[in-house]
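One file, run_34.pdb, is given below (PDB, N, CA and C atoms).
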```pdb
MODEL        1
ATOM      1  N   MET A   1       0.852  -1.165   0.000  1.00  0.00           N
ATOM      2  CA  MET A   1       0.000   0.000   0.000  1.00  0.00           C
ATOM      3  C   MET A   1       0.902   1.234   0.000  1.00  0.00           C
ATOM      4  N   ALA A   2       0.643   2.158  -0.892  1.00  0.00           N
ATOM      5  CA  ALA A   2       1.449   3.373  -1.017  1.00  0.00           C
ATOM      6  C   ALA A   2       0.725   4.557  -0.403  1.00  0.00           C
ATOM      7  N   HIS A   3       1.497   5.537   0.011  1.00  0.00           N
ATOM      8  CA  HIS A   3       0.948   6.784   0.533  1.00  0.00           C
ATOM      9  C   HIS A   3       1.666   7.923  -0.168  1.00  0.00           C
ATOM     10  N   ALA A   4       0.922   8.871  -0.638  1.00  0.00           N
ATOM     11  CA  ALA A   4       1.478  10.072  -1.264  1.00  0.00           C
ATOM     12  C   ALA A   4       0.726  11.250  -0.687  1.00  0.00           C
ATOM     13  N   GLY A   5       1.252  12.437  -0.816  1.00  0.00           N
ATOM     14  CA  GLY A   5       0.556  13.605  -0.295  1.00  0.00           C
ATOM     15  C   GLY A   5       0.783  14.811  -1.178  1.00  0.00           C
ATOM     16  N   LEU A   6      -0.175  15.708  -1.171  1.00  0.00           N
ATOM     17  CA  LEU A   6      -0.073  16.900  -1.996  1.00  0.00           C
ATOM     18  C   LEU A   6      -0.652  18.076  -1.229  1.00  0.00           C
ATOM     19  N   LEU A   7       0.136  19.121  -1.075  1.00  0.00           N
ATOM     20  CA  LEU A   7      -0.309  20.356  -0.430  1.00  0.00           C
ATOM     21  C   LEU A   7      -0.824  21.284  -1.518  1.00  0.00           C
ATOM     22  N   LEU A   8      -2.124  21.256  -1.752  1.00  0.00           N
ATOM     23  CA  LEU A   8      -2.694  21.979  -2.883  1.00  0.00           C
ATOM     24  C   LEU A   8      -2.536  23.486  -2.803  1.00  0.00           C
ATOM     25  N   HIS A   9      -2.365  24.049  -1.607  1.00  0.00           N
ATOM     26  CA  HIS A   9      -2.237  25.498  -1.523  1.00  0.00           C
ATOM     27  C   HIS A   9      -0.909  25.993  -2.099  1.00  0.00           C
ATOM     28  N   PHE A  10       0.018  25.112  -2.396  1.00  0.00           N
ATOM     29  CA  PHE A  10       1.269  25.501  -3.040  1.00  0.00           C
ATOM     30  C   PHE A  10       1.231  25.280  -4.553  1.00  0.00           C
ATOM     31  N   VAL A  11       0.112  24.828  -5.081  1.00  0.00           N
ATOM     32  CA  VAL A  11      -0.021  24.528  -6.503  1.00  0.00           C
ATOM     33  C   VAL A  11      -0.883  25.612  -7.160  1.00  0.00           C
ATOM     34  N   PRO A  12      -0.282  26.465  -8.006  1.00  0.00           N
ATOM     35  CA  PRO A  12      -1.081  27.513  -8.653  1.00  0.00           C
ATOM     36  C   PRO A  12      -2.028  26.913  -9.699  1.00  0.00           C
ATOM     37  N   ASP A  13      -3.116  27.607  -9.963  1.00  0.00           N
ATOM     38  CA  ASP A  13      -4.086  27.143 -10.956  1.00  0.00           C
ATOM     39  C   ASP A  13      -3.438  26.906 -12.317  1.00  0.00           C
ATOM     40  N   SER A  14      -2.414  27.679 -12.636  1.00  0.00           N
ATOM     41  CA  SER A  14      -1.761  27.535 -13.940  1.00  0.00           C
ATOM     42  C   SER A  14      -1.078  26.169 -14.112  1.00  0.00           C
ATOM     43  N   TRP A  15      -0.831  25.460 -13.002  1.00  0.00           N
ATOM     44  CA  TRP A  15      -0.245  24.115 -13.064  1.00  0.00           C
ATOM     45  C   TRP A  15      -1.307  23.035 -13.266  1.00  0.00           C
ATOM     46  N   GLU A  16      -2.562  23.443 -13.341  1.00  0.00           N
ATOM     47  CA  GLU A  16      -3.678  22.520 -13.525  1.00  0.00           C
ATOM     48  C   GLU A  16      -3.703  21.427 -12.448  1.00  0.00           C
ATOM     49  N   PRO A  17      -4.030  21.825 -11.200  1.00  0.00           N
ATOM     50  CA  PRO A  17      -4.010  20.860 -10.098  1.00  0.00           C
ATOM     51  C   PRO A  17      -4.896  19.644 -10.336  1.00  0.00           C
ATOM     52  N   HIS A  18      -6.024  19.808 -11.052  1.00  0.00           N
ATOM     53  CA  HIS A  18      -6.876  18.646 -11.331  1.00  0.00           C
ATOM     54  C   HIS A  18      -6.133  17.612 -12.166  1.00  0.00           C
ATOM     55  N   ALA A  19      -5.288  18.055 -13.086  1.00  0.00           N
ATOM     56  CA  ALA A  19      -4.511  17.130 -13.907  1.00  0.00           C
ATOM     57  C   ALA A  19      -3.411  16.455 -13.086  1.00  0.00           C
ATOM     58  N   ILE A  20      -2.797  17.213 -12.171  1.00  0.00           N
ATOM     59  CA  ILE A  20      -1.789  16.633 -11.286  1.00  0.00           C
ATOM     60  C   ILE A  20      -2.417  15.532 -10.434  1.00  0.00           C
ATOM     61  N   LEU A  21      -3.584  15.821  -9.873  1.00  0.00           N
ATOM     62  CA  LEU A  21      -4.271  14.816  -9.057  1.00  0.00           C
ATOM     63  C   LEU A  21      -4.626  13.581  -9.874  1.00  0.00           C
ATOM     64  N   ALA A  22      -5.034  13.779 -11.108  1.00  0.00           N
ATOM     65  CA  ALA A  22      -5.366  12.639 -11.970  1.00  0.00           C
ATOM     66  C   ALA A  22      -4.132  11.765 -12.201  1.00  0.00           C
ATOM     67  N   ARG A  23      -2.963  12.381 -12.407  1.00  0.00           N
ATOM     68  CA  ARG A  23      -1.733  11.603 -12.607  1.00  0.00           C
ATOM     69  C   ARG A  23      -1.362  10.842 -11.338  1.00  0.00           C
ATOM     70  N   TYR A  24      -1.501  11.478 -10.169  1.00  0.00           N
ATOM     71  CA  TYR A  24      -1.265  10.771  -8.906  1.00  0.00           C
ATOM     72  C   TYR A  24      -2.191   9.561  -8.813  1.00  0.00           C
ATOM     73  N   ARG A  25      -3.468   9.789  -9.038  1.00  0.00           N
ATOM     74  CA  ARG A  25      -4.471   8.725  -8.904  1.00  0.00           C
ATOM     75  C   ARG A  25      -4.175   7.563  -9.850  1.00  0.00           C
ATOM     76  N   GLU A  26      -3.794   7.864 -11.083  1.00  0.00           N
ATOM     77  CA  GLU A  26      -3.497   6.821 -12.061  1.00  0.00           C
ATOM     78  C   GLU A  26      -2.332   5.943 -11.627  1.00  0.00           C
ATOM     79  N   ARG A  27      -1.363   6.517 -10.937  1.00  0.00           N
ATOM     80  CA  ARG A  27      -0.157   5.780 -10.564  1.00  0.00           C
ATOM     81  C   ARG A  27      -0.282   5.033  -9.235  1.00  0.00           C
ATOM     82  N   LEU A  28      -1.290   5.364  -8.459  1.00  0.00           N
ATOM     83  CA  LEU A  28      -1.459   4.705  -7.165  1.00  0.00           C
ATOM     84  C   LEU A  28      -1.967   3.284  -7.344  1.00  0.00           C
ATOM     85  N   ALA A  29      -1.460   2.393  -6.537  1.00  0.00           N
ATOM     86  CA  ALA A  29      -1.934   1.007  -6.532  1.00  0.00           C
ATOM     87  C   ALA A  29      -3.285   0.946  -5.827  1.00  0.00           C
ATOM     88  N   PRO A  30      -4.119  -0.019  -6.188  1.00  0.00           N
ATOM     89  CA  PRO A  30      -5.390  -0.186  -5.465  1.00  0.00           C
ATOM     90  C   PRO A  30      -5.143  -0.317  -3.962  1.00  0.00           C
ATOM     91  N   GLY A  31      -5.987   0.337  -3.182  1.00  0.00           N
ATOM     92  CA  GLY A  31      -5.853   0.329  -1.728  1.00  0.00           C
ATOM     93  C   GLY A  31      -4.978   1.445  -1.183  1.00  0.00           C
ATOM     94  N   SER A  32      -4.353   2.230  -2.076  1.00  0.00           N
ATOM     95  CA  SER A  32      -3.486   3.324  -1.643  1.00  0.00           C
ATOM     96  C   SER A  32      -4.312   4.508  -1.172  1.00  0.00           C
ATOM     97  N   PHE A  33      -3.696   5.326  -0.342  1.00  0.00           N
ATOM     98  CA  PHE A  33      -4.328   6.531   0.183  1.00  0.00           C
ATOM     99  C   PHE A  33      -3.639   7.760  -0.382  1.00  0.00           C
ATOM    100  N   LEU A  34      -4.415   8.804  -0.626  1.00  0.00           N
ATOM    101  CA  LEU A  34      -3.877  10.079  -1.098  1.00  0.00           C
ATOM    102  C   LEU A  34      -4.403  11.190  -0.209  1.00  0.00           C
ATOM    103  N   PRO A  35      -3.560  11.703   0.710  1.00  0.00           N
ATOM    104  CA  PRO A  35      -3.994  12.829   1.549  1.00  0.00           C
ATOM    105  C   PRO A  35      -3.768  14.145   0.817  1.00  0.00           C
ATOM    106  N   LEU A  36      -4.688  15.072   1.013  1.00  0.00           N
ATOM    107  CA  LEU A  36      -4.618  16.395   0.396  1.00  0.00           C
ATOM    108  C   LEU A  36      -4.864  17.449   1.450  1.00  0.00           C
ATOM    109  N   SER A  37      -4.265  18.611   1.282  1.00  0.00           N
ATOM    110  CA  SER A  37      -4.583  19.726   2.169  1.00  0.00           C
ATOM    111  C   SER A  37      -4.609  21.019   1.361  1.00  0.00           C
ATOM    112  N   HIS A  38      -5.355  21.970   1.897  1.00  0.00           N
ATOM    113  CA  HIS A  38      -5.471  23.265   1.224  1.00  0.00           C
ATOM    114  C   HIS A  38      -5.825  24.316   2.272  1.00  0.00           C
ATOM    115  N   VAL A  39      -5.112  25.432   2.243  1.00  0.00           N
ATOM    116  CA  VAL A  39      -5.422  26.540   3.144  1.00  0.00           C
ATOM    117  C   VAL A  39      -6.706  27.197   2.647  1.00  0.00           C
ATOM    118  N   ALA A  40      -7.574  27.566   3.568  1.00  0.00           N
ATOM    119  CA  ALA A  40      -8.848  28.177   3.215  1.00  0.00           C
ATOM    120  C   ALA A  40      -8.930  29.585   3.779  1.00  0.00           C
ATOM    121  N   ALA A  41      -9.746  30.389   3.160  1.00  0.00           N
ATOM    122  CA  ALA A  41      -9.943  31.761   3.634  1.00  0.00           C
ATOM    123  C   ALA A  41     -11.317  31.931   4.265  1.00  0.00           C
ATOM    124  N   ASP A  42     -12.021  30.838   4.482  1.00  0.00           N
ATOM    125  CA  ASP A  42     -13.391  30.914   4.989  1.00  0.00           C
ATOM    126  C   ASP A  42     -13.502  30.395   6.422  1.00  0.00           C
ATOM    127  N   ALA A  43     -12.625  30.845   7.291  1.00  0.00           N
ATOM    128  CA  ALA A  43     -12.641  30.410   8.685  1.00  0.00           C
ATOM    129  C   ALA A  43     -14.011  30.620   9.308  1.00  0.00           C
ATOM    130  N   ASN A  44     -14.440  29.640  10.073  1.00  0.00           N
ATOM    131  CA  ASN A  44     -15.711  29.691  10.794  1.00  0.00           C
ATOM    132  C   ASN A  44     -16.920  29.834   9.875  1.00  0.00           C
ATOM    133  N   SER A  45     -16.818  29.365   8.643  1.00  0.00           N
ATOM    134  CA  SER A  45     -17.972  29.448   7.761  1.00  0.00           C
ATOM    135  C   SER A  45     -18.965  28.352   8.106  1.00  0.00           C
ATOM    136  N   SER A  46     -20.212  28.582   7.803  1.00  0.00           N
ATOM    137  CA  SER A  46     -21.223  27.569   8.054  1.00  0.00           C
ATOM    138  C   SER A  46     -21.490  26.807   6.761  1.00  0.00           C
ATOM    139  N   GLY A  47     -22.277  25.759   6.848  1.00  0.00           N
ATOM    140  CA  GLY A  47     -22.641  24.992   5.673  1.00  0.00           C
ATOM    141  C   GLY A  47     -21.620  23.935   5.301  1.00  0.00           C
ATOM    142  N   LEU A  48     -20.746  23.529   6.232  1.00  0.00           N
ATOM    143  CA  LEU A  48     -19.730  22.516   5.925  1.00  0.00           C
ATOM    144  C   LEU A  48     -20.086  21.148   6.487  1.00  0.00           C
ATOM    145  N   GLU A  49     -21.333  20.894   6.747  1.00  0.00           N
ATOM    146  CA  GLU A  49     -21.748  19.585   7.235  1.00  0.00           C
ATOM    147  C   GLU A  49     -21.773  18.605   6.058  1.00  0.00           C
ATOM    148  N   PRO A  50     -21.577  17.350   6.347  1.00  0.00           N
ATOM    149  CA  PRO A  50     -21.395  16.759   7.668  1.00  0.00           C
ATOM    150  C   PRO A  50     -19.920  16.598   8.009  1.00  0.00           C
ATOM    151  N   GLY A  51     -19.530  17.093   9.119  1.00  0.00           N
ATOM    152  CA  GLY A  51     -18.235  16.801   9.704  1.00  0.00           C
ATOM    153  C   GLY A  51     -17.001  17.413   9.082  1.00  0.00           C
ATOM    154  N   VAL A  52     -17.110  18.489   8.321  1.00  0.00           N
ATOM    155  CA  VAL A  52     -15.916  19.110   7.768  1.00  0.00           C
ATOM    156  C   VAL A  52     -15.377  20.105   8.785  1.00  0.00           C
ATOM    157  N   VAL A  53     -14.116  19.934   9.159  1.00  0.00           N
ATOM    158  CA  VAL A  53     -13.475  20.817  10.134  1.00  0.00           C
ATOM    159  C   VAL A  53     -12.063  21.131   9.653  1.00  0.00           C
ATOM    160  N   GLY A  54     -11.471  22.148  10.239  1.00  0.00           N
ATOM    161  CA  GLY A  54     -10.073  22.450   9.963  1.00  0.00           C
ATOM    162  C   GLY A  54      -9.179  21.319  10.439  1.00  0.00           C
ATOM    163  N   CYS A  55      -7.985  21.231   9.877  1.00  0.00           N
ATOM    164  CA  CYS A  55      -7.069  20.128  10.211  1.00  0.00           C
ATOM    165  C   CYS A  55      -6.833  19.978  11.708  1.00  0.00           C
ATOM    166  N   ALA A  56      -6.634  21.085  12.401  1.00  0.00           N
ATOM    167  CA  ALA A  56      -6.312  21.012  13.828  1.00  0.00           C
ATOM    168  C   ALA A  56      -7.454  20.446  14.650  1.00  0.00           C
ATOM    169  N   MET A  57      -8.679  20.590  14.182  1.00  0.00           N
ATOM    170  CA  MET A  57      -9.831  20.145  14.971  1.00  0.00           C
ATOM    171  C   MET A  57     -10.229  18.705  14.676  1.00  0.00           C
ATOM    172  N   TRP A  58      -9.564  18.068  13.722  1.00  0.00           N
ATOM    173  CA  TRP A  58      -9.877  16.680  13.413  1.00  0.00           C
ATOM    174  C   TRP A  58      -8.967  15.781  14.245  1.00  0.00           C
ATOM    175  N   ASN A  59      -9.554  15.107  15.183  1.00  0.00           N
ATOM    176  CA  ASN A  59      -8.858  14.104  15.988  1.00  0.00           C
ATOM    177  C   ASN A  59      -7.627  14.634  16.729  1.00  0.00           C
ATOM    178  N   PRO A  60      -7.751  15.747  17.456  1.00  0.00           N
ATOM    179  CA  PRO A  60      -6.595  16.229  18.231  1.00  0.00           C
ATOM    180  C   PRO A  60      -6.222  15.206  19.303  1.00  0.00           C
ATOM    181  N   GLN A  61      -4.935  15.054  19.525  1.00  0.00           N
ATOM    182  CA  GLN A  61      -4.436  14.054  20.473  1.00  0.00           C
ATOM    183  C   GLN A  61      -3.973  14.632  21.806  1.00  0.00           C
ATOM    184  N   GLY A  62      -3.742  15.942  21.858  1.00  0.00           N
ATOM    185  CA  GLY A  62      -3.281  16.501  23.120  1.00  0.00           C
ATOM    186  C   GLY A  62      -2.780  17.923  22.966  1.00  0.00           C
ATOM    187  N   ALA A  63      -2.129  18.374  24.015  1.00  0.00           N
ATOM    188  CA  ALA A  63      -1.613  19.743  24.051  1.00  0.00           C
ATOM    189  C   ALA A  63      -0.700  19.999  22.859  1.00  0.00           C
ATOM    190  N   GLY A  64      -0.871  21.150  22.258  1.00  0.00           N
ATOM    191  CA  GLY A  64      -0.051  21.534  21.123  1.00  0.00           C
ATOM    192  C   GLY A  64      -0.645  21.175  19.774  1.00  0.00           C
ATOM    193  N   ASP A  65      -1.708  20.376  19.752  1.00  0.00           N
ATOM    194  CA  ASP A  65      -2.332  20.005  18.479  1.00  0.00           C
ATOM    195  C   ASP A  65      -3.190  21.117  17.909  1.00  0.00           C
ATOM    196  N   MET A  66      -3.607  22.045  18.742  1.00  0.00           N
ATOM    197  CA  MET A  66      -4.458  23.145  18.301  1.00  0.00           C
ATOM    198  C   MET A  66      -3.855  24.472  18.730  1.00  0.00           C
ATOM    199  N   SER A  67      -4.097  25.500  17.935  1.00  0.00           N
ATOM    200  CA  SER A  67      -3.650  26.840  18.264  1.00  0.00           C
ATOM    201  C   SER A  67      -4.589  27.450  19.300  1.00  0.00           C
ATOM    202  N   GLU A  68      -4.112  28.407  20.035  1.00  0.00           N
ATOM    203  CA  GLU A  68      -4.975  29.125  20.974  1.00  0.00           C
ATOM    204  C   GLU A  68      -5.898  30.086  20.227  1.00  0.00           C
ATOM    205  N   ASP A  69      -5.600  30.361  18.957  1.00  0.00           N
ATOM    206  CA  ASP A  69      -6.430  31.210  18.111  1.00  0.00           C
ATOM    207  C   ASP A  69      -7.395  30.316  17.332  1.00  0.00           C
ATOM    208  N   PRO A  70      -8.695  30.330  17.660  1.00  0.00           N
ATOM    209  CA  PRO A  70      -9.644  29.428  17.003  1.00  0.00           C
ATOM    210  C   PRO A  70      -9.721  29.584  15.486  1.00  0.00           C
ATOM    211  N   GLU A  71      -9.479  30.788  14.961  1.00  0.00           N
ATOM    212  CA  GLU A  71      -9.529  30.968  13.507  1.00  0.00           C
ATOM    213  C   GLU A  71      -8.404  30.212  12.804  1.00  0.00           C
ATOM    214  N   ILE A  72      -7.235  30.163  13.420  1.00  0.00           N
ATOM    215  CA  ILE A  72      -6.110  29.432  12.829  1.00  0.00           C
ATOM    216  C   ILE A  72      -6.455  27.949  12.712  1.00  0.00           C
ATOM    217  N   ASN A  73      -7.170  27.409  13.689  1.00  0.00           N
ATOM    218  CA  ASN A  73      -7.518  25.988  13.681  1.00  0.00           C
ATOM    219  C   ASN A  73      -8.451  25.609  12.545  1.00  0.00           C
ATOM    220  N   SER A  74      -9.179  26.560  12.005  1.00  0.00           N
ATOM    221  CA  SER A  74     -10.142  26.219  10.958  1.00  0.00           C
ATOM    222  C   SER A  74      -9.685  26.591   9.555  1.00  0.00           C
ATOM    223  N   LEU A  75      -8.478  27.150   9.394  1.00  0.00           N
ATOM    224  CA  LEU A  75      -8.047  27.596   8.068  1.00  0.00           C
ATOM    225  C   LEU A  75      -7.618  26.463   7.128  1.00  0.00           C
ATOM    226  N   PRO A  76      -6.699  25.597   7.487  1.00  0.00           N
ATOM    227  CA  PRO A  76      -6.352  24.550   6.520  1.00  0.00           C
ATOM    228  C   PRO A  76      -7.372  23.416   6.565  1.00  0.00           C
ATOM    229  N   TYR A  77      -7.737  22.930   5.394  1.00  0.00           N
ATOM    230  CA  TYR A  77      -8.602  21.760   5.279  1.00  0.00           C
ATOM    231  C   TYR A  77      -7.774  20.598   4.756  1.00  0.00           C
ATOM    232  N   ALA A  78      -8.190  19.400   5.057  1.00  0.00           N
ATOM    233  CA  ALA A  78      -7.494  18.215   4.553  1.00  0.00           C
ATOM    234  C   ALA A  78      -8.501  17.116   4.299  1.00  0.00           C
ATOM    235  N   GLY A  79      -8.122  16.209   3.470  1.00  0.00           N
ATOM    236  CA  GLY A  79      -8.943  15.050   3.198  1.00  0.00           C
ATOM    237  C   GLY A  79      -8.047  13.901   2.790  1.00  0.00           C
ATOM    238  N   VAL A  80      -8.569  12.702   2.906  1.00  0.00           N
ATOM    239  CA  VAL A  80      -7.831  11.507   2.503  1.00  0.00           C
ATOM    240  C   VAL A  80      -8.740  10.690   1.611  1.00  0.00           C
ATOM    241  N   GLY A  81      -8.245  10.378   0.434  1.00  0.00           N
ATOM    242  CA  GLY A  81      -8.984   9.511  -0.473  1.00  0.00           C
ATOM    243  C   GLY A  81      -8.292   8.170  -0.566  1.00  0.00           C
ATOM    244  N   ARG A  82      -9.075   7.132  -0.805  1.00  0.00           N
ATOM    245  CA  ARG A  82      -8.525   5.786  -0.960  1.00  0.00           C
ATOM    246  C   ARG A  82      -8.903   5.264  -2.335  1.00  0.00           C
ATOM    247  N   LYS A  83      -7.908   4.806  -3.066  1.00  0.00           N
ATOM    248  CA  LYS A  83      -8.176   4.240  -4.388  1.00  0.00           C
ATOM    249  C   LYS A  83      -8.716   2.824  -4.214  1.00  0.00           C
ATOM    250  N   PRO A  84      -9.896   2.552  -4.783  1.00  0.00           N
ATOM    251  CA  PRO A  84     -10.479   1.201  -4.628  1.00  0.00           C
ATOM    252  C   PRO A  84      -9.583   0.118  -5.244  1.00  0.00           C
TER     253      PRO A  84
ENDMDL
END
```
Turn the structure described in the file into structure tokens.
Amino acid sequence: MAHAGLLLHFVPDSWEPHAILARYRERLAPGSFLPLSHVAADANSSGLEPGVVGCAMWNPQGAGDMSEDPEINSLPYAGVGRKP
């Protein structure tokens, strides 16, 4: 099982991020995971149900996992996809 990652906030639109993701997906073996992250400008926005939260608020394990500034905790988003 392979793992790859892509920080989409460092990929400009001119690089065609959808095409980059397609190439990653094509090369992944079945059962592989592809984590993605992207900085957002919509901190504390509503309408993100079900269960969409900033990276820091997803499964925190202890002290230091979250910022004392609540807006910082909701800025980056992340997701993990699994290739069937």
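CA of Tyr77 (chain A) is positioned 4.7 Å from atom N of His38 (chain A).
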For a cut-off of 8 Å around (-8.0, 19.2, 11.0), file coordinates, pick out all residues using all atoms listed in the file and list them as an mmCIF file with N, CA and C atoms, in the coordinates of the input.
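For reference, part37.cif as written:
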```cif
data_model
loop_
_atom_site.group_PDB
_atom_site.id
_atom_site.type_symbol
_atom_site.label_atom_id
_atom_site.label_comp_id
_atom_site.auth_asym_id
_atom_site.auth_seq_id
_atom_site.Cartn_x
_atom_site.Cartn_y
_atom_site.Cartn_z
ATOM 1 N N VAL A 52 -17.110 18.489 8.321
ATOM 2 C CA VAL A 52 -15.916 19.110 7.768
ATOM 3 C C VAL A 52 -15.377 20.105 8.785
ATOM 4 N N VAL A 53 -14.116 19.934 9.159
ATOM 5 C CA VAL A 53 -13.475 20.817 10.134
ATOM 6 C C VAL A 53 -12.063 21.131 9.653
ATOM 7 N N GLY A 54 -11.471 22.148 10.239
ATOM 8 C CA GLY A 54 -10.073 22.450 9.963
ATOM 9 C C GLY A 54 -9.179 21.319 10.439
ATOM 10 N N CYS A 55 -7.985 21.231 9.877
ATOM 11 C CA CYS A 55 -7.069 20.128 10.211
ATOM 12 C C CYS A 55 -6.833 19.978 11.708
ATOM 13 N N ALA A 56 -6.634 21.085 12.401
ATOM 14 C CA ALA A 56 -6.312 21.012 13.828
ATOM 15 C C ALA A 56 -7.454 20.446 14.650
ATOM 16 N N MET A 57 -8.679 20.590 14.182
ATOM 17 C CA MET A 57 -9.831 20.145 14.971
ATOM 18 C C MET A 57 -10.229 18.705 14.676
ATOM 19 N N TRP A 58 -9.564 18.068 13.722
ATOM 20 C CA TRP A 58 -9.877 16.680 13.413
ATOM 21 C C TRP A 58 -8.967 15.781 14.245
ATOM 22 N N ASN A 59 -9.554 15.107 15.183
ATOM 23 C CA ASN A 59 -8.858 14.104 15.988
ATOM 24 C C ASN A 59 -7.627 14.634 16.729
ATOM 25 N N PRO A 60 -7.751 15.747 17.456
ATOM 26 C CA PRO A 60 -6.595 16.229 18.231
ATOM 27 C C PRO A 60 -6.222 15.206 19.303
ATOM 28 N N ASN A 73 -7.170 27.409 13.689
ATOM 29 C CA ASN A 73 -7.518 25.988 13.681
ATOM 30 C C ASN A 73 -8.451 25.609 12.545
ATOM 31 N N SER A 74 -9.179 26.560 12.005
ATOM 32 C CA SER A 74 -10.142 26.219 10.958
ATOM 33 C C SER A 74 -9.685 26.591 9.555
ATOM 34 N N PRO A 76 -6.699 25.597 7.487
ATOM 35 C CA PRO A 76 -6.352 24.550 6.520
ATOM 36 C C PRO A 76 -7.372 23.416 6.565
ATOM 37 N N TYR A 77 -7.737 22.930 5.394
ATOM 38 C CA TYR A 77 -8.602 21.760 5.279
ATOM 39 C C TYR A 77 -7.774 20.598 4.756
ATOM 40 N N ALA A 78 -8.190 19.400 5.057
ATOM 41 C CA ALA A 78 -7.494 18.215 4.553
ATOM 42 C C ALA A 78 -8.501 17.116 4.299
#
```
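Counting from atom N of Pro30 (chain A), the distance to atom N of Val80 (chain A) is 16.3 Å.
The gap separating CA of Glu16 (chain A) from CA of Arg82 (chain A) is 21.5 Å, in Å to one decimal.
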